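Student: Below is the file entry02.cif, with mmCIF, C-alpha atoms.
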```cif
data_entry
#
loop_
_atom_site.group_PDB
_atom_site.id
_atom_site.type_symbol
_atom_site.label_atom_id
_atom_site.label_comp_id
_atom_site.auth_asym_id
_atom_site.auth_seq_id
_atom_site.Cartn_x
_atom_site.Cartn_y
_atom_site.Cartn_z
ATOM 1 C CA MET A 1 0.000 0.000 0.000
ATOM 2 C CA SER A 2 2.795 2.436 0.904
ATOM 3 C CA ALA A 3 4.467 1.815 -2.477
ATOM 4 C CA ILE A 4 1.197 2.717 -4.228
ATOM 5 C CA LEU A 5 0.829 5.896 -2.157
ATOM 6 C CA ASP A 6 4.456 6.855 -2.890
ATOM 7 C CA SER A 7 3.857 6.334 -6.595
ATOM 8 C CA LEU A 8 0.754 8.532 -6.545
ATOM 9 C CA THR A 9 2.605 11.233 -4.604
ATOM 10 C CA VAL A 10 5.480 11.213 -7.100
ATOM 11 C CA LYS A 11 2.991 11.560 -9.959
ATOM 12 C CA ARG A 12 1.286 14.523 -8.278
ATOM 13 C CA LEU A 13 4.593 16.259 -7.671
ATOM 14 C CA ALA A 14 5.596 15.681 -11.297
ATOM 15 C CA ALA A 15 2.291 17.227 -12.427
ATOM 16 C CA VAL A 16 2.807 20.310 -10.224
ATOM 17 C CA ASN A 17 6.336 20.508 -11.646
ATOM 18 C CA ILE A 18 4.859 21.290 -15.068
ATOM 19 C CA ALA A 19 2.778 24.158 -13.644
ATOM 20 C CA VAL A 20 5.787 25.642 -11.829
ATOM 21 C CA ALA A 21 7.899 25.428 -14.996
ATOM 22 C CA LEU A 22 5.194 27.300 -16.950
ATOM 23 C CA VAL A 23 5.006 30.070 -14.330
ATOM 24 C CA VAL A 24 8.799 30.488 -14.316
ATOM 25 C CA ILE A 25 9.056 30.686 -18.107
ATOM 26 C CA VAL A 26 6.367 33.387 -18.259
ATOM 27 C CA ILE A 27 8.183 35.496 -15.647
ATOM 28 C CA LYS A 28 11.563 35.076 -17.356
ATOM 29 C CA TYR A 29 10.181 35.824 -20.808
ATOM 30 C CA VAL A 30 8.593 39.021 -19.492
ATOM 31 C CA ALA A 31 12.027 39.919 -18.076
ATOM 32 C CA TYR A 32 13.505 39.512 -21.570
ATOM 33 C CA LEU A 33 10.708 41.472 -23.272
ATOM 34 C CA VAL A 34 10.981 44.519 -21.000
ATOM 35 C CA SER A 35 14.793 44.617 -21.153
ATOM 36 C CA GLY A 36 15.754 43.325 -24.599
ATOM 37 C CA SER A 37 18.660 41.496 -22.932
ATOM 38 C CA VAL A 38 20.057 38.537 -24.876
ATOM 39 C CA ALA A 39 21.404 37.139 -21.601
ATOM 40 C CA LEU A 40 17.925 37.217 -20.059
ATOM 41 C CA TYR A 41 16.625 35.673 -23.295
ATOM 42 C CA SER A 42 19.101 32.810 -22.814
ATOM 43 C CA ASP A 43 17.773 32.297 -19.306
ATOM 44 C CA ALA A 44 14.187 32.288 -20.574
ATOM 45 C CA LEU A 45 15.032 29.828 -23.351
ATOM 46 C CA GLU A 46 16.501 27.410 -20.830
ATOM 47 C CA SER A 47 13.145 27.573 -19.042
ATOM 48 C CA VAL A 48 11.464 26.391 -22.249
ATOM 49 C CA VAL A 49 13.595 23.274 -21.854
ATOM 50 C CA ASN A 50 12.393 23.068 -18.245
ATOM 51 C CA VAL A 51 8.786 22.890 -19.422
ATOM 52 C CA MET A 52 9.562 20.199 -21.998
ATOM 53 C CA THR A 53 11.514 18.106 -19.531
ATOM 54 C CA ALA A 54 8.846 18.552 -16.843
ATOM 55 C CA VAL A 55 6.287 17.074 -19.248
ATOM 56 C CA THR A 56 8.688 14.259 -20.161
ATOM 57 C CA THR A 57 9.398 13.570 -16.498
ATOM 58 C CA PHE A 58 5.680 13.332 -15.752
ATOM 59 C CA ALA A 59 5.163 10.882 -18.626
ATOM 60 C CA ALA A 60 8.196 8.803 -17.586
ATOM 61 C CA ILE A 61 7.082 8.580 -13.956
ATOM 62 C CA ARG A 62 3.617 7.436 -15.027
ATOM 63 C CA LEU A 63 5.164 4.775 -17.279
ATOM 64 C CA SER A 64 7.706 3.600 -14.678
ATOM 65 C CA ALA A 65 4.889 3.093 -12.146
ATOM 66 C CA LYS A 66 3.164 0.523 -14.385
ATOM 67 C CA PRO A 67 3.354 -3.014 -12.982
ATOM 68 C CA PRO A 68 5.366 -5.699 -14.819
ATOM 69 C CA ASP A 69 3.628 -7.359 -17.763
ATOM 70 C CA SER A 70 4.366 -10.183 -20.175
ATOM 71 C CA ASP A 71 6.479 -7.917 -22.410
ATOM 72 C CA HIS A 72 8.291 -6.230 -19.505
ATOM 73 C CA PRO A 73 8.542 -8.825 -16.707
ATOM 74 C CA PHE A 74 11.010 -6.688 -14.733
ATOM 75 C CA GLY A 75 8.769 -3.614 -14.877
ATOM 76 C CA HIS A 76 9.140 -0.226 -16.563
ATOM 77 C CA HIS A 77 11.491 1.412 -14.060
ATOM 78 C CA LYS A 78 14.105 2.531 -16.597
ATOM 79 C CA ALA A 79 11.648 4.923 -18.231
ATOM 80 C CA GLU A 80 12.840 7.564 -15.760
ATOM 81 C CA PHE A 81 16.419 7.254 -17.007
ATOM 82 C CA LEU A 82 15.183 7.715 -20.570
ATOM 83 C CA ALA A 83 13.530 10.962 -19.429
ATOM 84 C CA ALA A 84 16.844 12.153 -18.007
ATOM 85 C CA MET A 85 18.565 11.290 -21.318
ATOM 86 C CA PHE A 86 15.947 13.314 -23.199
ATOM 87 C CA GLU A 87 16.481 16.208 -20.801
ATOM 88 C CA GLY A 88 20.213 16.204 -21.584
ATOM 89 C CA ALA A 89 19.458 16.321 -25.319
ATOM 90 C CA MET A 90 16.996 19.220 -24.930
ATOM 91 C CA ILE A 91 19.526 21.176 -22.885
ATOM 92 C CA ALA A 92 22.011 20.795 -25.752
ATOM 93 C CA VAL A 93 19.429 22.102 -28.254
ATOM 94 C CA ALA A 94 18.748 25.128 -26.032
ATOM 95 C CA ALA A 95 22.486 25.842 -25.830
ATOM 96 C CA VAL A 96 22.787 25.914 -29.625
ATOM 97 C CA LEU A 97 19.792 28.282 -29.961
ATOM 98 C CA ILE A 98 21.273 30.621 -27.347
ATOM 99 C CA LEU A 99 24.626 30.675 -29.146
ATOM 100 C CA LEU A 100 22.882 31.595 -32.413
ATOM 101 C CA LYS A 101 21.015 34.432 -30.672
ATOM 102 C CA ALA A 102 24.226 35.684 -29.043
ATOM 103 C CA ARG A 103 26.042 35.631 -32.383
ATOM 104 C CA SER A 104 23.246 37.657 -33.985
ATOM 105 C CA ALA A 105 23.364 40.223 -31.165
ATOM 106 C CA LEU A 106 27.151 40.550 -31.447
ATOM 107 C CA ILE A 107 26.826 41.280 -35.165
ATOM 108 C CA GLU A 108 23.813 43.593 -35.032
ATOM 109 C CA GLY A 109 24.433 45.127 -31.594
ATOM 110 C CA VAL A 110 22.107 45.267 -28.601
ATOM 111 C CA LYS A 111 20.653 48.069 -26.496
ATOM 112 C CA LEU A 112 19.333 47.333 -23.029
ATOM 113 C CA GLU A 113 16.096 49.055 -21.939
ATOM 114 C CA HIS A 114 14.206 48.869 -18.628
ATOM 115 C CA SER A 115 16.939 46.505 -17.496
ATOM 116 C CA THR A 116 16.235 47.034 -13.782
ATOM 117 C CA LEU A 117 12.670 45.793 -14.186
ATOM 118 C CA GLY A 118 13.879 42.838 -16.213
ATOM 119 C CA ILE A 119 16.419 41.949 -13.517
ATOM 120 C CA VAL A 120 13.725 42.126 -10.808
ATOM 121 C CA PHE A 121 11.473 39.744 -12.767
ATOM 122 C CA ASN A 122 14.394 37.370 -13.261
ATOM 123 C CA ILE A 123 15.253 37.388 -9.554
ATOM 124 C CA VAL A 124 11.651 36.510 -8.644
ATOM 125 C CA ALA A 125 11.718 33.594 -11.108
ATOM 126 C CA SER A 126 15.081 32.426 -9.753
ATOM 127 C CA ILE A 127 13.857 32.375 -6.152
ATOM 128 C CA LEU A 128 10.853 30.297 -7.190
ATOM 129 C CA ASN A 129 13.119 27.962 -9.196
ATOM 130 C CA GLY A 130 15.557 27.568 -6.315
ATOM 131 C CA ALA A 131 12.893 26.623 -3.790
ATOM 132 C CA TRP A 132 11.300 24.188 -6.229
ATOM 133 C CA ALA A 133 14.665 22.626 -7.166
ATOM 134 C CA TRP A 134 15.369 21.921 -3.492
ATOM 135 C CA LEU A 135 11.952 20.277 -3.090
ATOM 136 C CA LEU A 136 12.384 18.089 -6.197
ATOM 137 C CA ILE A 137 15.841 16.853 -5.169
ATOM 138 C CA ASN A 138 14.775 16.254 -1.575
ATOM 139 C CA ARG A 139 11.573 14.392 -2.442
ATOM 140 C CA GLY A 140 13.134 12.629 -5.431
ATOM 141 C CA ARG A 141 15.832 11.105 -3.219
ATOM 142 C CA SER A 142 13.316 10.164 -0.526
ATOM 143 C CA TRP A 143 11.058 8.460 -3.084
ATOM 144 C CA ARG A 144 13.939 7.027 -5.161
ATOM 145 C CA SER A 145 12.862 8.869 -8.307
ATOM 146 C CA PRO A 146 15.867 9.573 -10.575
ATOM 147 C CA ALA A 147 13.683 11.632 -12.931
ATOM 148 C CA LEU A 148 12.676 14.048 -10.144
ATOM 149 C CA VAL A 149 16.259 14.272 -8.890
ATOM 150 C CA ALA A 150 17.539 14.963 -12.432
ATOM 151 C CA ASP A 151 14.931 17.662 -12.925
ATOM 152 C CA GLY A 152 15.792 19.218 -9.562
ATOM 153 C CA LYS A 153 19.513 19.277 -10.347
ATOM 154 C CA HIS A 154 18.781 20.856 -13.712
ATOM 155 C CA LEU A 155 16.711 23.570 -12.041
ATOM 156 C CA TYR A 156 19.416 24.121 -9.432
ATOM 157 C CA THR A 157 21.977 24.671 -12.200
ATOM 158 C CA ASP A 158 19.457 26.994 -13.834
ATOM 159 C CA VAL A 159 19.358 29.038 -10.625
ATOM 160 C CA ILE A 160 23.145 29.354 -10.568
ATOM 161 C CA THR A 161 23.058 30.391 -14.210
ATOM 162 C CA SER A 162 20.355 32.974 -13.475
ATOM 163 C CA VAL A 163 22.420 34.492 -10.666
ATOM 164 C CA GLY A 164 25.359 34.852 -13.051
ATOM 165 C CA VAL A 165 23.114 36.379 -15.710
ATOM 166 C CA VAL A 166 21.649 38.927 -13.286
ATOM 167 C CA ILE A 167 25.101 39.967 -12.072
ATOM 168 C CA GLY A 168 26.403 40.189 -15.638
ATOM 169 C CA VAL A 169 23.463 42.219 -16.971
ATOM 170 C CA ALA A 170 23.640 44.593 -13.990
ATOM 171 C CA PHE A 171 27.361 45.100 -14.636
ATOM 172 C CA ALA A 172 26.713 45.748 -18.349
ATOM 173 C CA VAL A 173 24.093 48.379 -17.494
ATOM 174 C CA LEU A 174 26.227 50.093 -14.844
ATOM 175 C CA THR A 175 29.307 50.269 -17.072
ATOM 176 C CA GLY A 176 27.462 50.936 -20.330
ATOM 177 C CA TRP A 177 29.280 48.017 -21.951
ATOM 178 C CA HIS A 178 26.178 46.484 -23.517
ATOM 179 C CA ILE A 179 28.365 44.215 -25.631
ATOM 180 C CA LEU A 180 28.807 42.149 -22.456
ATOM 181 C CA ASP A 181 25.154 41.040 -22.693
ATOM 182 C CA PRO A 182 25.498 38.640 -25.669
ATOM 183 C CA LEU A 183 28.882 37.479 -24.326
ATOM 184 C CA ILE A 184 27.193 36.511 -21.059
ATOM 185 C CA ALA A 185 24.549 34.656 -23.075
ATOM 186 C CA ALA A 186 27.290 32.698 -24.854
ATOM 187 C CA VAL A 187 28.856 31.721 -21.503
ATOM 188 C CA VAL A 188 25.426 30.591 -20.291
ATOM 189 C CA ALA A 189 25.033 28.463 -23.412
ATOM 190 C CA LEU A 190 28.400 26.747 -22.910
ATOM 191 C CA ASN A 191 27.589 26.120 -19.249
ATOM 192 C CA ILE A 192 24.243 24.441 -19.920
ATOM 193 C CA LEU A 193 25.803 22.468 -22.789
ATOM 194 C CA TRP A 194 28.271 20.991 -20.282
ATOM 195 C CA MET A 195 25.397 20.338 -17.876
ATOM 196 C CA GLY A 196 23.449 18.484 -20.573
ATOM 197 C CA TYR A 197 26.489 16.359 -21.412
ATOM 198 C CA ARG A 198 26.987 15.336 -17.768
ATOM 199 C CA LEU A 199 23.298 14.508 -17.345
ATOM 200 C CA ALA A 200 23.293 12.360 -20.502
ATOM 201 C CA VAL A 201 26.437 10.464 -19.397
ATOM 202 C CA GLN A 202 24.980 9.769 -15.935
ATOM 203 C CA SER A 203 21.710 8.529 -17.437
ATOM 204 C CA MET A 204 23.572 6.296 -19.884
ATOM 205 C CA SER A 205 25.454 4.729 -16.979
ATOM 206 C CA HIS A 206 22.147 3.920 -15.247
ATOM 207 C CA LEU A 207 20.675 2.461 -18.437
ATOM 208 C CA LEU A 208 23.687 0.137 -18.596
ATOM 209 C CA ASP A 209 22.671 -1.425 -15.250
ATOM 210 C CA GLU A 210 24.926 0.545 -12.927
ATOM 211 C CA ALA A 211 25.500 -1.175 -9.588
ATOM 212 C CA ALA A 212 24.225 0.234 -6.297
ATOM 213 C CA SER A 213 26.503 2.507 -4.276
ATOM 214 C CA PRO A 214 29.256 0.906 -2.128
ATOM 215 C CA GLU A 215 27.303 1.953 0.982
ATOM 216 C CA ILE A 216 24.185 0.074 -0.138
ATOM 217 C CA GLU A 217 26.195 -2.987 -1.178
ATOM 218 C CA SER A 218 27.911 -2.993 2.220
ATOM 219 C CA ASN A 219 24.493 -2.817 3.892
ATOM 220 C CA ILE A 220 23.276 -5.765 1.812
ATOM 221 C CA ARG A 221 26.206 -7.889 2.950
ATOM 222 C CA LYS A 222 25.537 -6.969 6.597
ATOM 223 C CA VAL A 223 21.870 -7.950 6.312
ATOM 224 C CA ILE A 224 22.776 -11.272 4.668
ATOM 225 C CA GLU A 225 25.335 -11.980 7.384
ATOM 226 C CA ALA A 226 22.853 -11.155 10.161
ATOM 227 C CA ASN A 227 19.995 -13.251 8.708
ATOM 228 C CA GLY A 228 21.769 -16.119 6.949
ATOM 229 C CA SER A 229 21.857 -18.532 9.882
ATOM 230 C CA GLY A 230 21.669 -22.112 8.614
ATOM 231 C CA ALA A 231 23.400 -21.354 5.306
ATOM 232 C CA LEU A 232 27.142 -21.705 4.779
ATOM 233 C CA GLU A 233 28.031 -18.912 2.398
ATOM 234 C CA ALA A 234 26.738 -16.214 0.048
ATOM 235 C CA HIS A 235 28.672 -15.296 -3.084
ATOM 236 C CA ASP A 236 28.337 -13.553 -6.459
ATOM 237 C CA ILE A 237 26.323 -10.765 -4.814
ATOM 238 C CA ARG A 238 25.232 -8.455 -7.642
ATOM 239 C CA THR A 239 23.040 -5.369 -7.831
ATOM 240 C CA ARG A 240 21.588 -3.211 -10.566
ATOM 241 C CA GLN A 241 19.657 0.020 -10.207
ATOM 242 C CA ALA A 242 16.582 0.501 -12.400
ATOM 243 C CA GLY A 243 14.694 3.687 -11.533
ATOM 244 C CA ARG A 244 13.173 3.358 -8.086
ATOM 245 C CA ALA A 245 13.824 -0.407 -8.023
ATOM 246 C CA LEU A 246 17.070 -2.058 -6.924
ATOM 247 C CA PHE A 247 17.491 -5.632 -8.146
ATOM 248 C CA ILE A 248 19.686 -7.819 -5.909
ATOM 249 C CA GLU A 249 20.759 -11.365 -6.642
ATOM 250 C CA PHE A 250 23.236 -13.784 -5.105
ATOM 251 C CA HIS A 251 24.064 -17.457 -4.681
ATOM 252 C CA LEU A 252 23.434 -19.083 -1.298
ATOM 253 C CA ILE A 253 25.410 -22.162 -0.279
ATOM 254 C CA VAL A 254 23.578 -24.575 2.046
ATOM 255 C CA PRO A 255 24.587 -27.993 3.474
ATOM 256 C CA GLY A 256 23.994 -30.833 1.033
ATOM 257 C CA SER A 257 21.847 -32.621 3.616
ATOM 258 C CA MET A 258 19.465 -29.677 4.073
ATOM 259 C CA THR A 259 15.885 -30.198 2.902
ATOM 260 C CA VAL A 260 14.288 -27.990 0.256
ATOM 261 C CA ASP A 261 11.819 -26.706 2.864
ATOM 262 C CA ASP A 262 14.613 -25.584 5.195
ATOM 263 C CA ALA A 263 16.571 -23.910 2.369
ATOM 264 C CA HIS A 264 13.395 -22.159 1.224
ATOM 265 C CA ALA A 265 12.768 -20.883 4.756
ATOM 266 C CA ILE A 266 16.264 -19.348 4.878
ATOM 267 C CA CYS A 267 15.701 -17.679 1.499
ATOM 268 C CA ASP A 268 12.372 -16.238 2.661
ATOM 269 C CA ARG A 269 14.020 -14.887 5.802
ATOM 270 C CA LEU A 270 16.826 -13.257 3.800
ATOM 271 C CA GLU A 271 14.497 -11.779 1.182
ATOM 272 C CA ASN A 272 12.222 -10.242 3.826
ATOM 273 C CA ALA A 273 15.179 -8.833 5.776
ATOM 274 C CA ILE A 274 16.841 -7.271 2.709
ATOM 275 C CA GLU A 275 13.608 -5.837 1.291
ATOM 276 C CA THR A 276 12.796 -4.356 4.705
ATOM 277 C CA ALA A 277 16.257 -2.843 5.155
ATOM 278 C CA ILE A 278 16.557 -1.520 1.590
ATOM 279 C CA GLU A 279 13.340 0.043 0.346
ATOM 280 C CA GLY A 280 12.482 -0.725 -3.263
ATOM 281 C CA SER A 281 14.738 -3.778 -3.451
ATOM 282 C CA GLU A 282 13.773 -6.972 -5.257
ATOM 283 C CA VAL A 283 15.780 -10.044 -4.277
ATOM 284 C CA VAL A 284 16.538 -13.238 -6.213
ATOM 285 C CA ILE A 285 18.483 -16.042 -4.466
ATOM 286 C CA HIS A 286 19.995 -19.069 -6.198
ATOM 287 C CA VAL A 287 20.491 -21.994 -3.759
ATOM 288 C CA GLU A 288 23.532 -24.248 -4.278
ATOM 289 C CA PRO A 289 25.041 -27.273 -2.419
ATOM 290 C CA GLU A 290 28.212 -26.906 -0.357
ATOM 291 C CA ASN A 291 30.503 -28.266 -3.082
ATOM 292 C CA LYS A 292 29.796 -25.009 -4.991
ATOM 293 C CA ALA A 293 31.343 -22.851 -2.242
ATOM 294 C CA LYS A 294 33.999 -20.323 -3.259
ATOM 295 C CA PRO A 295 37.149 -19.125 -1.463
ATOM 296 C CA GLU A 296 36.621 -16.039 0.706
ATOM 297 C CA ALA A 297 39.268 -14.281 -1.383
ATOM 298 C CA THR A 298 36.794 -14.133 -4.295
ATOM 299 C CA GLY A 299 34.416 -11.968 -2.253
ATOM 300 C CA ALA A 300 32.334 -14.825 -0.848
ATOM 301 C CA LEU A 301 30.584 -14.044 2.438
ATOM 302 C CA PRO A 302 30.932 -16.861 5.038
ATOM 303 C CA LEU A 303 27.825 -17.485 7.158
ATOM 304 C CA GLU A 304 27.143 -19.361 10.393
ATOM 305 C CA GLY A 305 26.020 -22.666 8.908
ATOM 306 C CA ASN A 306 24.388 -25.270 11.150
#
```
Rewrite the coordinates I just gave you, this time as structure tokens.

Tutor:
Amino acid sequence: MSAILDSLTVKRLAAVNIAVALVVIVIKYVAYLVSGSVALYSDALESVVNVMTAVTTFAAIRLSAKPPDSDHPFGHHKAEFLAAMFEGAMIAVAAVLILLKARSALIEGVKLEHSTLGIVFNIVASILNGAWAWLLINRGRSWRSPALVADGKHLYTDVITSVGVVIGVAFAVLTGWHILDPLIAAVVALNILWMGYRLAVQSMSHLLDEAASPEIESNIRKVIEANGSGALEAHDIRTRQAGRALFIEFHLIVPGSMTVDDAHAICDRLENAIETAIEGSEVVIHVEPENKAKPEATGALPLEGN
């Protein structure tokens, strides 16, 4: 029941994320319109990407929450990583559009008007973005939603970019060096291009079945050791992260004389203990006789035995 409630909560937050992204883009675009600043335009254009990725995130979270079916027996969890990959691609597109706009402004020149009002609008949008980014990252980690975390990190980088843009535009206005405006926009474009590259690489790693963190793997071994009484050894402990699910599998060595019922009882005890200790985990255990044991040097985990 709690998993269903968590899923519904994640979906609601993803839906609100779209509304927040729309509000922010309107505020930032107004900032560009009243000032004519190419740098503020670059900030507004990045918010267009925010809207697109918010919609993609919502769709991915809905898809990842679908239960396993005959075509996808392990579920649809990786849909969230695909959303993060798409977000990285959209960020790259935005960077190219900003560079083209900056180039045009450098050639034709730019004159800033009502820049103070534009800066004020941008600051308001940045504060809203910052608060929302913190909420997405915080809740995304709590609910094990990589799509929400990716979106939150993107927004957080957007906030940093916006701060730089505001400082740069203010400096250009104070000094009268309006040529700085398109140069700032170009720097923004290069920054978000790097951000998109990093996001795409991280998502690709997850799609290639990246293992759980060393801390989680250490916790798994501790739980197995504490609840493996009756078995002799656990080895070939492997993990792979898929969205909010963590798949764990290992081989369990039991005495050759042990009955199937007794071995099954140990497996049930281990599965329940691991899935309780590590939320979202799904455990598969392969039982083997004692002649399949491996040396401890290979990473095998000795247990208490009989």

Student: I'd like the contact shell of Ala170 in chain A - 12 Å cut-off, all atoms listed in the file, skipping same-chain residues fewer than 4 positions apart - returned as number ranges by chain.

Tutor: A: 35, 37, 39-40, 112-120, 122-123, 163-166, 174-178, 180-181, 184

Student: Those residues you just picked out, can you put them in a file as an mmCIF file, in the frame of the given file with C-alpha atoms?

Tutor:
```cif
data_model
loop_
_atom_site.group_PDB
_atom_site.id
_atom_site.type_symbol
_atom_site.label_atom_id
_atom_site.label_comp_id
_atom_site.auth_asym_id
_atom_site.auth_seq_id
_atom_site.Cartn_x
_atom_site.Cartn_y
_atom_site.Cartn_z
ATOM 1 C CA SER A 35 14.793 44.617 -21.153
ATOM 2 C CA SER A 37 18.660 41.496 -22.932
ATOM 3 C CA ALA A 39 21.404 37.139 -21.601
ATOM 4 C CA LEU A 40 17.925 37.217 -20.059
ATOM 5 C CA LEU A 112 19.333 47.333 -23.029
ATOM 6 C CA GLU A 113 16.096 49.055 -21.939
ATOM 7 C CA HIS A 114 14.206 48.869 -18.628
ATOM 8 C CA SER A 115 16.939 46.505 -17.496
ATOM 9 C CA THR A 116 16.235 47.034 -13.782
ATOM 10 C CA LEU A 117 12.670 45.793 -14.186
ATOM 11 C CA GLY A 118 13.879 42.838 -16.213
ATOM 12 C CA ILE A 119 16.419 41.949 -13.517
ATOM 13 C CA VAL A 120 13.725 42.126 -10.808
ATOM 14 C CA ASN A 122 14.394 37.370 -13.261
ATOM 15 C CA ILE A 123 15.253 37.388 -9.554
ATOM 16 C CA VAL A 163 22.420 34.492 -10.666
ATOM 17 C CA GLY A 164 25.359 34.852 -13.051
ATOM 18 C CA VAL A 165 23.114 36.379 -15.710
ATOM 19 C CA VAL A 166 21.649 38.927 -13.286
ATOM 20 C CA LEU A 174 26.227 50.093 -14.844
ATOM 21 C CA THR A 175 29.307 50.269 -17.072
ATOM 22 C CA GLY A 176 27.462 50.936 -20.330
ATOM 23 C CA TRP A 177 29.280 48.017 -21.951
ATOM 24 C CA HIS A 178 26.178 46.484 -23.517
ATOM 25 C CA LEU A 180 28.807 42.149 -22.456
ATOM 26 C CA ASP A 181 25.154 41.040 -22.693
ATOM 27 C CA ILE A 184 27.193 36.511 -21.059
#
```

Student: Sorted by chain and rising residue number, which residues of range 91-181 of chain A lie within 12 Å of range 275-293 of chain A, and what are their closest atom pairs and distances in Å to one decimal, counting only C-alpha atoms, as CSV?

Tutor:
```
residue,atom,partner,partner_atom,distance
A:Arg141,CA,A:Glu279,CA,11.9
A:Ser142,CA,A:Glu279,CA,10.2
A:Trp143,CA,A:Gly280,CA,9.3
A:Arg144,CA,A:Gly280,CA,8.1
A:Ser145,CA,A:Gly280,CA,10.8
```

Student: Could you give me, as an MDAnalysis selection string, the residues within 12 Å of Ala185 in chain A, counting all atoms listed in the file and dropping anything in the same chain fewer than 2 positions from it?

Tutor: chainID A and resid 37:46 94:106 161:162 164:166 168:169 178:183 187:192

Student: Could you please take those selected residues and save C-alpha atoms as a JSON list (two decimals), keeping the file's coordinate frame?

Tutor:
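As written to disk, result.json reads:
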```json
[["chain", "number", "residue", "atom", "x", "y", "z"],
["A", 37, "SER", "CA", 18.66, 41.50, -22.93],
["A", 38, "VAL", "CA", 20.06, 38.54, -24.88],
["A", 39, "ALA", "CA", 21.40, 37.14, -21.60],
["A", 40, "LEU", "CA", 17.92, 37.22, -20.06],
["A", 41, "TYR", "CA", 16.62, 35.67, -23.30],
["A", 42, "SER", "CA", 19.10, 32.81, -22.81],
["A", 43, "ASP", "CA", 17.77, 32.30, -19.31],
["A", 44, "ALA", "CA", 14.19, 32.29, -20.57],
["A", 45, "LEU", "CA", 15.03, 29.83, -23.35],
["A", 46, "GLU", "CA", 16.50, 27.41, -20.83],
["A", 94, "ALA", "CA", 18.75, 25.13, -26.03],
["A", 95, "ALA", "CA", 22.49, 25.84, -25.83],
["A", 96, "VAL", "CA", 22.79, 25.91, -29.62],
["A", 97, "LEU", "CA", 19.79, 28.28, -29.96],
["A", 98, "ILE", "CA", 21.27, 30.62, -27.35],
["A", 99, "LEU", "CA", 24.63, 30.68, -29.15],
["A", 100, "LEU", "CA", 22.88, 31.60, -32.41],
["A", 101, "LYS", "CA", 21.02, 34.43, -30.67],
["A", 102, "ALA", "CA", 24.23, 35.68, -29.04],
["A", 103, "ARG", "CA", 26.04, 35.63, -32.38],
["A", 104, "SER", "CA", 23.25, 37.66, -33.98],
["A", 105, "ALA", "CA", 23.36, 40.22, -31.16],
["A", 106, "LEU", "CA", 27.15, 40.55, -31.45],
["A", 161, "THR", "CA", 23.06, 30.39, -14.21],
["A", 162, "SER", "CA", 20.36, 32.97, -13.48],
["A", 164, "GLY", "CA", 25.36, 34.85, -13.05],
["A", 165, "VAL", "CA", 23.11, 36.38, -15.71],
["A", 166, "VAL", "CA", 21.65, 38.93, -13.29],
["A", 168, "GLY", "CA", 26.40, 40.19, -15.64],
["A", 169, "VAL", "CA", 23.46, 42.22, -16.97],
["A", 178, "HIS", "CA", 26.18, 46.48, -23.52],
["A", 179, "ILE", "CA", 28.36, 44.22, -25.63],
["A", 180, "LEU", "CA", 28.81, 42.15, -22.46],
["A", 181, "ASP", "CA", 25.15, 41.04, -22.69],
["A", 182, "PRO", "CA", 25.50, 38.64, -25.67],
["A", 183, "LEU", "CA", 28.88, 37.48, -24.33],
["A", 187, "VAL", "CA", 28.86, 31.72, -21.50],
["A", 188, "VAL", "CA", 25.43, 30.59, -20.29],
["A", 189, "ALA", "CA", 25.03, 28.46, -23.41],
["A", 190, "LEU", "CA", 28.40, 26.75, -22.91],
["A", 191, "ASN", "CA", 27.59, 26.12, -19.25],
["A", 192, "ILE", "CA", 24.24, 24.44, -19.92]]
```

Student: Could you list the residues chosen by the PyMOL selection byres ((chain A and resi 12) around 12) in this structure as a list of chain:residue names?

Tutor: A:Leu5, A:Asp6, A:Ser7, A:Leu8, A:Thr9, A:Val10, A:Lys11, A:Leu13, A:Ala14, A:Ala15, A:Val16, A:Asn17, A:Ile18, A:Ala19, A:Thr57, A:Phe58, A:Ala59, A:Ile61, A:Arg62, A:Leu136, A:Arg139, A:Leu148

Student: For C-alpha atoms, I'd like the residues from the last selection saved as a PDB file, in the coordinates of the input.

Tutor:
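Saved result, part_22.pdb, follows:
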```pdb
ATOM      1  CA  LEU A   5       0.829   5.896  -2.157  1.00  0.00           C
ATOM      2  CA  ASP A   6       4.456   6.855  -2.890  1.00  0.00           C
ATOM      3  CA  SER A   7       3.857   6.334  -6.595  1.00  0.00           C
ATOM      4  CA  LEU A   8       0.754   8.532  -6.545  1.00  0.00           C
ATOM      5  CA  THR A   9       2.605  11.233  -4.604  1.00  0.00           C
ATOM      6  CA  VAL A  10       5.480  11.213  -7.100  1.00  0.00           C
ATOM      7  CA  LYS A  11       2.991  11.560  -9.959  1.00  0.00           C
ATOM      8  CA  LEU A  13       4.593  16.259  -7.671  1.00  0.00           C
ATOM      9  CA  ALA A  14       5.596  15.681 -11.297  1.00  0.00           C
ATOM     10  CA  ALA A  15       2.291  17.227 -12.427  1.00  0.00           C
ATOM     11  CA  VAL A  16       2.807  20.310 -10.224  1.00  0.00           C
ATOM     12  CA  ASN A  17       6.336  20.508 -11.646  1.00  0.00           C
ATOM     13  CA  ILE A  18       4.859  21.290 -15.068  1.00  0.00           C
ATOM     14  CA  ALA A  19       2.778  24.158 -13.644  1.00  0.00           C
ATOM     15  CA  THR A  57       9.398  13.570 -16.498  1.00  0.00           C
ATOM     16  CA  PHE A  58       5.680  13.332 -15.752  1.00  0.00           C
ATOM     17  CA  ALA A  59       5.163  10.882 -18.626  1.00  0.00           C
ATOM     18  CA  ILE A  61       7.082   8.580 -13.956  1.00  0.00           C
ATOM     19  CA  ARG A  62       3.617   7.436 -15.027  1.00  0.00           C
ATOM     20  CA  LEU A 136      12.384  18.089  -6.197  1.00  0.00           C
ATOM     21  CA  ARG A 139      11.573  14.392  -2.442  1.00  0.00           C
ATOM     22  CA  LEU A 148      12.676  14.048 -10.144  1.00  0.00           C
TER      23      LEU A 148
END
```
